[in-house]
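Here is the structure we will look at, set down as structure tokens.
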Amino acid sequence: MERPDGWYDYPLSGRVPLTLLVAADPEASVVFVRLAGEAEARTRAQIEAALYMFGTYKAG
């Protein structure tokens with residue numbers, strides 16, 4: 001759901017509920033990502049790994 005400040009929020013279900021917040025800067029082709037909630041260390045590491053992969057992906 002889009003929020004008035006330009007961020008979109010995506011609830012993530014699991015043992016500990018989290019919310020992934022995403023905002024794009026169309027002029028710079030940059031996507032900002034925040035995580036709201038208290039993620040366990042393993043979950044946080046998995047999310048950080050996924051974000052790293054998305055951030056380094058180059059279309060061939």
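Quick note on naming: the chains in the structure tokens go A, B, ... in the order shown, residues restart at 1 in each chain, and ligands are numbered from 1 in order of appearance.
The neighbours of A:Asp9 here are the residues that come within 10 Å of it, using only C-alpha atoms and leaving out any residue fewer than 5 positions away in the same chain; they are A:Met1, A:Glu2, A:Arg3, A:Thr19, A:Leu20, A:Leu21, A:Val22, A:Ala23, A:Val33, A:Arg34, A:Leu35, A:Ala36.
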Could you save the residues just selected, with C-alpha atoms, as an mmCIF file, in the first residue's frame?
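Written file, out-v1.cif:
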data_model
loop_
_atom_site.group_PDB
_atom_site.id
_atom_site.type_symbol
_atom_site.label_atom_id
_atom_site.label_comp_id
_atom_site.auth_asym_id
_atom_site.auth_seq_id
_atom_site.Cartn_x
_atom_site.Cartn_y
_atom_site.Cartn_z
ATOM 1 C CA MET A 1 0.000 0.000 0.000
ATOM 2 C CA GLU A 2 1.407 3.412 -0.927
ATOM 3 C CA ARG A 3 1.844 5.840 1.921
ATOM 4 C CA THR A 19 7.085 -4.849 7.205
ATOM 5 C CA LEU A 20 9.239 -4.223 4.172
ATOM 6 C CA LEU A 21 9.152 -0.557 3.122
ATOM 7 C CA VAL A 22 10.216 0.386 -0.407
ATOM 8 C CA ALA A 23 10.495 3.753 -2.161
ATOM 9 C CA VAL A 33 14.479 -0.259 1.323
ATOM 10 C CA ARG A 34 13.748 -0.285 5.056
ATOM 11 C CA LEU A 35 12.641 -3.076 7.357
ATOM 12 C CA ALA A 36 10.278 -2.378 10.247
#
**OP:** List every residue of chain A that DSSP, applied to the backbone of this structure, places in strand (DSSP E), and write the result as a list in words.
**Re:** Tyr8, Asp9, Tyr10, Pro11, Leu12, Leu18, Thr19, Leu20, Leu21, Val22, Ala23, Ala24, Asp25, Val30, Val31, Phe32, Val33, Arg34, Leu35 and Ala36 of chain A
Original post:
For A:Leu18, which residue out of A:Lys58, A:Phe32, A:Gln46, A:Ala39 is the nearest one, using only C-alpha atoms?
Top reply: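 Residue with the minimum atom-to-atom distance to A:Leu18: A:Ala39.
Atom CA of A:Ser13 sits 16.6 Å away from atom CA of A:Ala45.
Scanning chain A with DSSP on the backbone, the alpha helix (DSSP H) assignments fall on Ala41, Arg42, Thr43, Arg44, Ala45, Gln46, Ile47, Glu48, Ala49, Ala50, Leu51, Tyr52, Met53, Phe54, Gly55 and Thr56 of chain A.
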With N, CA and C atoms retained, could you export that selection as a PDB file, in the first residue's frame?
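selection.pdb, written as the output of this step:
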ATOM      1  N   ALA A  41      18.064 -12.670  14.069  1.00  0.00           N
ATOM      2  CA  ALA A  41      19.347 -12.513  13.373  1.00  0.00           C
ATOM      3  C   ALA A  41      19.369 -13.288  12.061  1.00  0.00           C
ATOM      4  N   ARG A  42      18.867 -14.514  12.050  1.00  0.00           N
ATOM      5  CA  ARG A  42      18.882 -15.323  10.829  1.00  0.00           C
ATOM      6  C   ARG A  42      18.001 -14.694   9.747  1.00  0.00           C
ATOM      7  N   THR A  43      16.809 -14.249  10.134  1.00  0.00           N
ATOM      8  CA  THR A  43      15.892 -13.624   9.178  1.00  0.00           C
ATOM      9  C   THR A  43      16.499 -12.346   8.626  1.00  0.00           C
ATOM     10  N   ARG A  44      17.097 -11.544   9.489  1.00  0.00           N
ATOM     11  CA  ARG A  44      17.724 -10.296   9.043  1.00  0.00           C
ATOM     12  C   ARG A  44      18.858 -10.592   8.067  1.00  0.00           C
ATOM     13  N   ALA A  45      19.656 -11.620   8.337  1.00  0.00           N
ATOM     14  CA  ALA A  45      20.756 -11.987   7.442  1.00  0.00           C
ATOM     15  C   ALA A  45      20.221 -12.439   6.087  1.00  0.00           C
ATOM     16  N   GLN A  46      19.126 -13.187   6.081  1.00  0.00           N
ATOM     17  CA  GLN A  46      18.532 -13.645   4.819  1.00  0.00           C
ATOM     18  C   GLN A  46      18.019 -12.463   4.007  1.00  0.00           C
ATOM     19  N   ILE A  47      17.365 -11.526   4.663  1.00  0.00           N
ATOM     20  CA  ILE A  47      16.840 -10.344   3.967  1.00  0.00           C
ATOM     21  C   ILE A  47      17.988  -9.495   3.435  1.00  0.00           C
ATOM     22  N   GLU A  48      19.033  -9.306   4.244  1.00  0.00           N
ATOM     23  CA  GLU A  48      20.181  -8.523   3.790  1.00  0.00           C
ATOM     24  C   GLU A  48      20.863  -9.192   2.600  1.00  0.00           C
ATOM     25  N   ALA A  49      20.948 -10.524   2.612  1.00  0.00           N
ATOM     26  CA  ALA A  49      21.552 -11.242   1.484  1.00  0.00           C
ATOM     27  C   ALA A  49      20.720 -11.045   0.214  1.00  0.00           C
ATOM     28  N   ALA A  50      19.397 -11.146   0.344  1.00  0.00           N
ATOM     29  CA  ALA A  50      18.519 -10.955  -0.817  1.00  0.00           C
ATOM     30  C   ALA A  50      18.649  -9.532  -1.353  1.00  0.00           C
ATOM     31  N   LEU A  51      18.674  -8.550  -0.477  1.00  0.00           N
ATOM     32  CA  LEU A  51      18.810  -7.162  -0.916  1.00  0.00           C
ATOM     33  C   LEU A  51      20.163  -6.930  -1.589  1.00  0.00           C
ATOM     34  N   TYR A  52      21.201  -7.569  -1.078  1.00  0.00           N
ATOM     35  CA  TYR A  52      22.522  -7.446  -1.707  1.00  0.00           C
ATOM     36  C   TYR A  52      22.480  -8.004  -3.129  1.00  0.00           C
ATOM     37  N   MET A  53      21.863  -9.174  -3.280  1.00  0.00           N
ATOM     38  CA  MET A  53      21.767  -9.776  -4.614  1.00  0.00           C
ATOM     39  C   MET A  53      20.974  -8.888  -5.561  1.00  0.00           C
ATOM     40  N   PHE A  54      19.849  -8.345  -5.088  1.00  0.00           N
ATOM     41  CA  PHE A  54      19.056  -7.450  -5.940  1.00  0.00           C
ATOM     42  C   PHE A  54      19.845  -6.207  -6.297  1.00  0.00           C
ATOM     43  N   GLY A  55      20.633  -5.690  -5.346  1.00  0.00           N
ATOM     44  CA  GLY A  55      21.392  -4.470  -5.564  1.00  0.00           C
ATOM     45  C   GLY A  55      22.557  -4.623  -6.521  1.00  0.00           C
ATOM     46  N   THR A  56      23.065  -5.844  -6.670  1.00  0.00           N
ATOM     47  CA  THR A  56      24.222  -6.056  -7.542  1.00  0.00           C
ATOM     48  C   THR A  56      23.825  -6.689  -8.884  1.00  0.00           C
TER      49      THR A  56
END
